[in-house]
$ cat start31.txt   # compact mmCIF, C-alpha atoms and all ligand atoms
# COMPACT_ATOMS: atom_id res chain seq x y z
CA MET A 8 -25.32 -15.34 -18.63
CA ASP A 9 -27.66 -18.30 -18.29
CA ILE A 10 -27.94 -21.87 -17.05
CA PRO A 11 -27.49 -24.90 -19.39
CA ARG A 12 -30.32 -25.06 -21.90
CA ILE A 13 -31.51 -28.57 -20.96
CA PHE A 14 -32.84 -27.21 -17.63
CA THR A 15 -34.63 -24.34 -19.30
CA ILE A 16 -36.28 -26.76 -21.72
CA ALA A 17 -37.20 -29.54 -19.28
CA GLU A 18 -38.35 -27.24 -16.44
CA SER A 19 -40.00 -24.44 -18.43
CA ALA A 20 -43.44 -25.41 -17.10
CA HIS A 21 -42.34 -25.91 -13.47
CA ARG A 22 -43.31 -23.40 -10.82
CA ILE A 23 -41.19 -25.18 -8.22
CA HIS A 24 -37.83 -26.52 -9.41
CA ASN A 25 -37.32 -29.11 -6.70
CA PRO A 26 -39.24 -32.06 -5.16
CA PHE A 27 -41.44 -29.77 -3.04
CA THR A 28 -45.14 -29.58 -3.91
CA PRO A 29 -47.16 -26.36 -3.41
CA GLU A 30 -48.50 -27.97 -0.20
CA LYS A 31 -44.98 -28.50 1.18
CA LEU A 32 -44.08 -24.91 0.41
CA THR A 33 -47.18 -23.82 2.32
CA ILE A 34 -46.31 -26.11 5.25
CA LEU A 35 -42.81 -24.65 5.36
CA GLY A 36 -44.11 -21.05 5.31
CA GLU A 37 -46.42 -21.82 8.22
CA ALA A 38 -43.78 -23.78 10.12
CA LEU A 39 -41.46 -20.77 10.07
CA ARG A 40 -44.12 -18.56 11.73
CA LEU A 41 -43.30 -15.74 9.34
CA GLU A 42 -44.36 -12.27 10.42
CA ARG A 43 -45.81 -9.59 8.15
CA GLY A 44 -43.05 -7.46 6.69
CA ALA A 45 -40.36 -10.10 7.30
CA ARG A 46 -37.54 -9.66 4.77
CA VAL A 47 -36.48 -12.69 2.76
CA LEU A 48 -33.44 -13.18 0.53
CA ASP A 49 -33.60 -16.14 -1.86
CA LEU A 50 -30.44 -17.19 -3.74
CA GLY A 51 -31.32 -19.36 -6.75
CA SER A 52 -34.95 -18.30 -6.59
CA GLY A 53 -35.99 -20.12 -9.78
CA SER A 54 -39.49 -19.13 -10.90
CA GLY A 55 -40.10 -17.36 -7.60
CA GLU A 56 -42.88 -19.52 -6.18
CA MET A 57 -41.61 -19.44 -2.60
CA LEU A 58 -41.25 -15.66 -2.39
CA CYS A 59 -44.46 -14.94 -4.31
CA THR A 60 -46.72 -17.28 -2.31
CA TRP A 61 -45.18 -16.28 1.02
CA ALA A 62 -45.68 -12.61 0.10
CA ARG A 63 -49.32 -13.38 -0.66
CA ASP A 64 -49.93 -15.62 2.38
CA HIS A 65 -47.70 -14.02 5.04
CA GLY A 66 -46.99 -10.50 3.83
CA VAL A 67 -43.23 -11.02 3.55
CA THR A 68 -41.11 -8.85 1.28
CA GLY A 69 -37.98 -9.95 -0.47
CA THR A 70 -35.51 -10.38 -3.26
CA GLY A 71 -34.71 -13.40 -5.38
CA ILE A 72 -31.64 -13.81 -7.55
CA ASP A 73 -31.39 -16.44 -10.26
CA MET A 74 -29.08 -17.14 -13.15
CA SER A 75 -31.86 -18.32 -15.48
CA ARG A 76 -33.32 -15.50 -17.55
CA LEU A 77 -36.46 -17.52 -18.30
CA PHE A 78 -37.12 -18.50 -14.67
CA THR A 79 -36.53 -14.91 -13.52
CA GLU A 80 -39.01 -13.60 -16.08
CA GLN A 81 -41.52 -16.23 -14.97
CA ALA A 82 -41.00 -15.16 -11.35
CA ALA A 83 -41.84 -11.55 -12.16
CA LEU A 84 -44.99 -12.66 -14.01
CA ARG A 85 -46.01 -14.82 -11.06
CA ALA A 86 -45.59 -11.85 -8.71
CA GLU A 87 -47.93 -9.82 -10.95
CA GLU A 88 -50.40 -12.69 -11.08
CA LEU A 89 -50.50 -13.04 -7.29
CA GLY A 90 -50.67 -9.27 -6.76
CA VAL A 91 -47.37 -9.05 -4.87
CA ALA A 92 -45.19 -7.31 -7.45
CA HIS A 93 -44.61 -4.37 -5.09
CA HIS A 94 -43.35 -6.65 -2.34
CA VAL A 95 -40.91 -8.96 -4.12
CA ARG A 96 -38.33 -8.37 -6.82
CA PHE A 97 -36.39 -10.77 -8.95
CA ILE A 98 -32.92 -10.14 -10.29
CA HIS A 99 -31.37 -12.07 -13.15
CA GLY A 100 -27.78 -12.72 -12.12
CA ASP A 101 -25.15 -14.88 -10.49
CA ALA A 102 -25.91 -15.30 -6.78
CA ALA A 103 -22.35 -16.39 -5.97
CA GLY A 104 -21.01 -14.00 -3.35
CA HIS A 105 -24.28 -12.06 -3.13
CA VAL A 106 -24.82 -10.30 0.22
CA SER A 107 -27.91 -8.13 0.77
CA GLU A 108 -27.52 -4.43 1.56
CA GLU A 109 -30.03 -4.63 4.39
CA LYS A 110 -30.00 -7.55 6.83
CA VAL A 111 -32.82 -10.04 6.29
CA ASP A 112 -35.01 -12.17 8.55
CA VAL A 113 -34.85 -15.24 6.29
CA ALA A 114 -31.84 -16.01 4.07
CA ALA A 115 -32.55 -18.96 1.78
CA CYS A 116 -30.89 -21.16 -0.77
CA VAL A 117 -33.33 -23.90 -1.70
CA GLY A 118 -31.82 -26.49 -3.99
CA ALA A 119 -28.85 -24.54 -5.32
CA THR A 120 -26.07 -24.89 -2.74
CA TRP A 121 -23.43 -25.26 -5.45
CA ILE A 122 -23.75 -21.45 -5.73
CA ALA A 123 -21.23 -21.18 -2.87
CA GLY A 124 -19.42 -24.48 -3.30
CA GLY A 125 -21.73 -26.65 -1.18
CA VAL A 126 -23.74 -26.52 2.02
CA THR A 127 -20.96 -25.12 4.24
CA GLY A 128 -20.03 -22.30 1.88
CA THR A 129 -23.67 -21.47 1.25
CA ILE A 130 -24.47 -21.21 4.96
CA GLU A 131 -21.45 -18.90 5.38
CA LEU A 132 -22.65 -16.76 2.46
CA LEU A 133 -26.25 -16.55 3.69
CA ALA A 134 -25.08 -15.74 7.25
CA ARG A 135 -23.53 -12.51 5.94
CA SER A 136 -27.02 -11.24 5.02
CA LEU A 137 -28.78 -12.46 8.15
CA GLY A 138 -30.06 -10.12 10.84
CA ALA A 139 -30.24 -10.93 14.57
CA GLY A 140 -32.75 -13.68 15.30
CA GLY A 141 -32.98 -14.57 11.61
CA ILE A 142 -33.34 -17.97 10.00
CA ILE A 143 -31.25 -19.60 7.28
CA LEU A 144 -33.04 -22.00 4.94
CA ILE A 145 -31.09 -24.69 3.11
CA GLY A 146 -32.77 -27.00 0.59
CA GLU A 147 -30.58 -30.02 0.01
CA PRO A 148 -30.67 -33.69 -1.00
CA TYR A 149 -29.68 -36.49 1.36
CA TRP A 150 -29.55 -40.26 1.00
CA ARG A 151 -32.81 -41.94 1.94
CA GLN A 152 -30.97 -45.24 1.54
CA LEU A 153 -27.19 -45.34 1.23
CA PRO A 154 -26.28 -46.30 -2.37
CA PRO A 155 -24.59 -49.73 -2.26
CA THR A 156 -22.15 -48.75 -5.03
CA GLU A 157 -20.76 -45.63 -6.68
CA GLU A 158 -22.66 -46.66 -9.83
CA VAL A 159 -25.93 -46.29 -7.97
CA ALA A 160 -24.88 -42.80 -6.79
CA LYS A 161 -24.09 -41.87 -10.39
CA GLY A 162 -27.50 -43.24 -11.37
CA CYS A 163 -28.91 -40.61 -9.01
CA LEU A 164 -26.86 -38.05 -11.00
CA ALA A 165 -24.60 -37.53 -7.98
CA GLY A 166 -20.86 -37.40 -8.64
CA ALA A 167 -20.17 -39.84 -5.79
CA ILE A 168 -21.75 -41.35 -2.66
CA SER A 169 -19.79 -38.77 -0.68
CA ASP A 170 -21.68 -35.89 -2.34
CA PHE A 171 -24.57 -36.36 0.11
CA LEU A 172 -25.14 -37.55 3.67
CA MET A 173 -27.83 -39.63 5.35
CA LEU A 174 -30.43 -37.46 7.10
CA PRO A 175 -29.09 -37.84 10.70
CA GLU A 176 -25.57 -37.01 9.51
CA LEU A 177 -26.81 -34.01 7.51
CA LEU A 178 -28.63 -32.69 10.58
CA GLY A 179 -25.53 -33.32 12.68
CA SER A 180 -23.37 -31.43 10.20
CA PHE A 181 -25.43 -28.27 10.75
CA GLY A 182 -24.72 -28.56 14.47
CA ARG A 183 -21.00 -28.86 13.85
CA LEU A 184 -21.16 -25.63 11.83
CA GLY A 185 -22.61 -23.92 14.92
CA TYR A 186 -26.30 -23.94 13.99
CA ASP A 187 -29.44 -25.23 15.65
CA VAL A 188 -31.81 -27.01 13.29
CA VAL A 189 -35.07 -25.32 14.32
CA GLU A 190 -37.43 -26.75 11.68
CA MET A 191 -37.43 -29.00 8.66
CA VAL A 192 -39.88 -30.03 5.97
CA LEU A 193 -39.00 -33.09 3.92
CA ALA A 194 -40.08 -33.94 0.38
CA ASP A 195 -41.59 -37.36 -0.32
CA GLN A 196 -41.65 -39.64 -3.35
CA ASP A 197 -44.89 -38.09 -4.65
CA GLY A 198 -43.13 -34.75 -4.59
CA TRP A 199 -40.18 -36.24 -6.46
CA ASP A 200 -42.63 -37.51 -9.07
CA ARG A 201 -44.09 -34.01 -9.48
CA TYR A 202 -40.61 -32.58 -10.01
CA GLU A 203 -39.18 -35.31 -12.26
CA ALA A 204 -42.19 -36.71 -14.12
CA ALA A 205 -43.44 -33.20 -14.99
CA LYS A 206 -40.26 -32.78 -17.03
CA TRP A 207 -41.25 -35.63 -19.32
CA LEU A 208 -44.43 -34.10 -20.70
CA THR A 209 -42.65 -30.76 -21.07
CA MET A 210 -39.83 -32.45 -23.03
CA ARG A 211 -42.30 -34.36 -25.19
CA ARG A 212 -44.23 -31.19 -26.06
CA TRP A 213 -40.98 -29.32 -26.72
CA LEU A 214 -39.85 -32.07 -29.12
CA GLU A 215 -43.12 -31.84 -31.03
CA ALA A 216 -42.75 -28.08 -31.34
CA ASN A 217 -39.00 -28.10 -32.12
CA PRO A 218 -38.22 -31.23 -34.19
CA ASP A 219 -35.32 -29.60 -36.07
CA ASP A 220 -33.67 -27.87 -33.14
CA GLU A 221 -29.99 -28.79 -32.65
CA PHE A 222 -30.92 -29.85 -29.12
CA ALA A 223 -33.68 -32.24 -30.22
CA LYS A 224 -31.49 -35.36 -30.10
CA GLU A 225 -30.34 -34.68 -26.55
CA VAL A 226 -33.90 -34.01 -25.39
CA ARG A 227 -35.14 -37.16 -27.18
CA ASP A 228 -32.43 -39.27 -25.52
CA ARG A 229 -33.34 -37.89 -22.12
CA LEU A 230 -37.05 -38.43 -22.58
CA THR A 231 -36.33 -42.04 -23.53
CA SER A 232 -34.03 -42.81 -20.62
CA GLU A 233 -35.22 -40.59 -17.78
CA PRO A 234 -38.32 -42.46 -16.54
CA GLY A 235 -36.36 -45.69 -16.03
CA ARG A 236 -33.32 -43.99 -14.54
CA TYR A 237 -35.43 -41.92 -12.17
CA ALA A 238 -37.50 -44.89 -10.96
CA ALA A 239 -34.44 -47.10 -10.42
CA TYR A 240 -32.24 -44.56 -8.68
CA THR A 241 -33.36 -41.08 -7.61
CA ARG A 242 -36.83 -42.12 -6.48
CA GLU A 243 -35.47 -44.94 -4.32
CA TYR A 244 -32.28 -43.50 -2.93
CA GLN A 245 -32.58 -39.75 -2.72
CA GLY A 246 -34.36 -37.69 -0.14
CA TRP A 247 -34.67 -33.93 -0.16
CA GLY A 248 -35.62 -31.39 2.43
CA VAL A 249 -35.53 -27.79 3.54
CA PHE A 250 -33.75 -27.21 6.84
CA ALA A 251 -34.24 -24.09 8.96
CA LEU A 252 -31.15 -23.04 10.92
CA MET A 253 -30.37 -20.45 13.59
CA PRO A 254 -26.85 -19.67 14.78
CA ARG A 255 -26.14 -20.91 18.33
N1 LIG B 1 -35.16 -22.38 -5.36
C1 LIG B 1 -35.87 -22.57 -6.61
C2 LIG B 1 -35.00 -23.12 -7.74
C3 LIG B 1 -34.21 -24.37 -7.44
S1 LIG B 1 -33.41 -25.05 -8.89
C4 LIG B 1 -37.04 -23.50 -6.36
O1 LIG B 1 -37.06 -24.14 -5.32
O2 LIG B 1 -37.94 -23.61 -7.22
C5 LIG B 1 -31.83 -24.28 -8.87
C6 LIG B 1 -31.86 -22.84 -9.37
O3 LIG B 1 -30.57 -22.29 -9.26
C7 LIG B 1 -32.26 -22.69 -10.84
O4 LIG B 1 -33.34 -21.80 -10.93
C8 LIG B 1 -31.02 -22.11 -11.50
O5 LIG B 1 -31.33 -21.22 -12.55
C9 LIG B 1 -30.35 -21.41 -10.34
N2 LIG B 1 -28.92 -21.19 -10.42
C10 LIG B 1 -27.94 -22.05 -10.79
N3 LIG B 1 -26.73 -21.48 -10.65
C11 LIG B 1 -26.94 -20.22 -10.16
C12 LIG B 1 -26.09 -19.13 -9.79
N4 LIG B 1 -24.77 -19.23 -9.88
N5 LIG B 1 -26.66 -18.01 -9.33
C13 LIG B 1 -28.01 -17.88 -9.23
N6 LIG B 1 -28.86 -18.88 -9.56
C14 LIG B 1 -28.33 -20.03 -10.01
$ encode --input "start31.txt" --output "structure tokens" --more "lines below"
Ligand code: SAH
Amino acid sequence: MDIPRIFTIAESAHRIHNPFTPEKLTILGEALRLERGARVLDLGSGSGEMLCTWARDHGVTGTGIDMSRLFTEQAALRAEELGVAHHVRFIHGDAAGHVSEEKVDVAACVGATWIAGGVTGTIELLARSLGAGGIILIGEPYWRQLPPTEEVAKGCLAGAISDFLMLPELLGSFGRLGYDVVEMVLADQDGWDRYEAAKWLTMRRWLEANPDDEFAKEVRDRLTSEPGRYAAYTREYQGWGVFALMPR
């Protein structure tokens, strides 16, 4: 079981697999007023940076589940590096349908809401692990500017304009699901650059090390086209944020 190889290649050097910078992750951890010993569940935990740094900075404990073997291994190494390996654990597996045995204080899915078929399904899934007074975290794109055509949406690698909402509508949708939005931290274009542009050097180095790999042509094509595509579409049209929700 693993995720498509292109992600593992392009994001092998990323600690954060979304447009958040380390600073934004820190701001979010502080904004949530986390208490020592708070339990966190993270579905699609990637390389574990959120859990590991929050364990170091706020004394939280928790579990992350991710389908990428590489990212999960990197998460465990990061926990060792930050001295929090006894407080967080990382499981390689499919997070679809995953409900924690013990209720948690923070149930998160940051940039992987397809795990439960979209935002609504993911909130329903996370709610099953949430204890009283707990917070759900959803990391999700929104339209910073509405794409004028479906082609522009596809340029952002969205399937259609309807895949995402504008920020006020996204916030309103949480209310209609019965949740208060109690905090949010939004990415910015510099953060998008850190996420997207960092892939280019990783791909370039991978190509130099693996010229004869069967994947080399696909990686070469991406490295050639991605900077222009990203600058024309994603960087201009797509926003991204983490939204903290509490049931009403
Ligand atoms: N939350 C992390 C990773 C976001 S990228 C961060 O912010 O850095 C999306 C992650 O979802 C990737 O790590 C990918 O491996 C993982 N993923 C994709 N499908 C999954 C599934 N069905 N179950 C668990 N993880 C999944």
$ closest_atom_pairs --input "start31.txt" --of "segment 161-243 of chain A" --to "segment 24-47 of chain A" --cutoff "7 Å" --atoms "only C-alpha atoms" --output "CSV"
residue,atom,partner,partner_atom,distance
A:Val192,CA,A:Leu35,CA,6.2
A:Ala194,CA,A:Phe27,CA,5.6
A:Gly198,CA,A:Pro26,CA,4.8
A:Trp199,CA,A:Pro26,CA,4.5
A:Arg201,CA,A:Pro26,CA,6.8
A:Tyr202,CA,A:Pro26,CA,5.1
$ residues_near_ligand --input "start31.txt" --ligand "ligand LIG 1 (chain B)" --cutoff "7 Å" --atoms "only C-alpha atoms and all ligand atoms" --output "list in words"
Ile10, Arg22, Ile23, His24, Asn25, Leu50, Gly51, Ser52, Gly53, Ser54, Gly55, Glu56, Ile72, Asp73, Met74, Ser75, Phe78, Gly100, Asp101, Ala102, Ala103, Cys116, Val117, Gly118, Ala119 and Ile122 of chain A
$ write_last_selection --input "start31.txt" --atoms "C-alpha atoms" --output "PDB file, in the frame of the given file"
ATOM      1  CA  ILE A  10     -27.940 -21.870 -17.050  1.00  0.00           C
ATOM      2  CA  ARG A  22     -43.310 -23.400 -10.820  1.00  0.00           C
ATOM      3  CA  ILE A  23     -41.190 -25.180  -8.220  1.00  0.00           C
ATOM      4  CA  HIS A  24     -37.830 -26.520  -9.410  1.00  0.00           C
ATOM      5  CA  ASN A  25     -37.320 -29.110  -6.700  1.00  0.00           C
ATOM      6  CA  LEU A  50     -30.440 -17.190  -3.740  1.00  0.00           C
ATOM      7  CA  GLY A  51     -31.320 -19.360  -6.750  1.00  0.00           C
ATOM      8  CA  SER A  52     -34.950 -18.300  -6.590  1.00  0.00           C
ATOM      9  CA  GLY A  53     -35.990 -20.120  -9.780  1.00  0.00           C
ATOM     10  CA  SER A  54     -39.490 -19.130 -10.900  1.00  0.00           C
ATOM     11  CA  GLY A  55     -40.100 -17.360  -7.600  1.00  0.00           C
ATOM     12  CA  GLU A  56     -42.880 -19.520  -6.180  1.00  0.00           C
ATOM     13  CA  ILE A  72     -31.640 -13.810  -7.550  1.00  0.00           C
ATOM     14  CA  ASP A  73     -31.390 -16.440 -10.260  1.00  0.00           C
ATOM     15  CA  MET A  74     -29.080 -17.140 -13.150  1.00  0.00           C
ATOM     16  CA  SER A  75     -31.860 -18.320 -15.480  1.00  0.00           C
ATOM     17  CA  PHE A  78     -37.120 -18.500 -14.670  1.00  0.00           C
ATOM     18  CA  GLY A 100     -27.780 -12.720 -12.120  1.00  0.00           C
ATOM     19  CA  ASP A 101     -25.150 -14.880 -10.490  1.00  0.00           C
ATOM     20  CA  ALA A 102     -25.910 -15.300  -6.780  1.00  0.00           C
ATOM     21  CA  ALA A 103     -22.350 -16.390  -5.970  1.00  0.00           C
ATOM     22  CA  CYS A 116     -30.890 -21.160  -0.770  1.00  0.00           C
ATOM     23  CA  VAL A 117     -33.330 -23.900  -1.700  1.00  0.00           C
ATOM     24  CA  GLY A 118     -31.820 -26.490  -3.990  1.00  0.00           C
ATOM     25  CA  ALA A 119     -28.850 -24.540  -5.320  1.00  0.00           C
ATOM     26  CA  ILE A 122     -23.750 -21.450  -5.730  1.00  0.00           C
TER      27      ILE A 122
END
$ closest_residue --input "start31.txt" --among "A:Arg242, A:Arg76, A:His94, A:His65" --to "Val159 of chain A" --atoms "all atoms listed in the file"
A:Arg242
$ atom_distance --input "start31.txt" --atom1 "atom CA of Cys59 of chain A" --atom2 "atom CA of Gly125 of chain A"
25.8 Å
$ atom_distance --input "start31.txt" --atom1 "atom CA of Asp195 of chain A" --atom2 "atom CA of Gly246 of chain A"
7.2 Å
$ closest_residue --input "start31.txt" --among "A:Ala251, A:Ile16, A:Met8, A:Leu84" --to "Ala205 of chain A" --atoms "only C-alpha atoms"
A:Ile16
$ residues_around --input "start31.txt" --residues "segment 206-219 of chain A" --least-positions-apart "6" --cutoff "7 Å" --atoms "only C-alpha atoms" --output "ChimeraX atom specification"
/A:16-18,20,226,230
$ atom_distance --input "start31.txt" --atom1 "atom CA of Gly128 of chain A" --atom2 "atom CA of Tyr244 of chain A"
25.0 Å
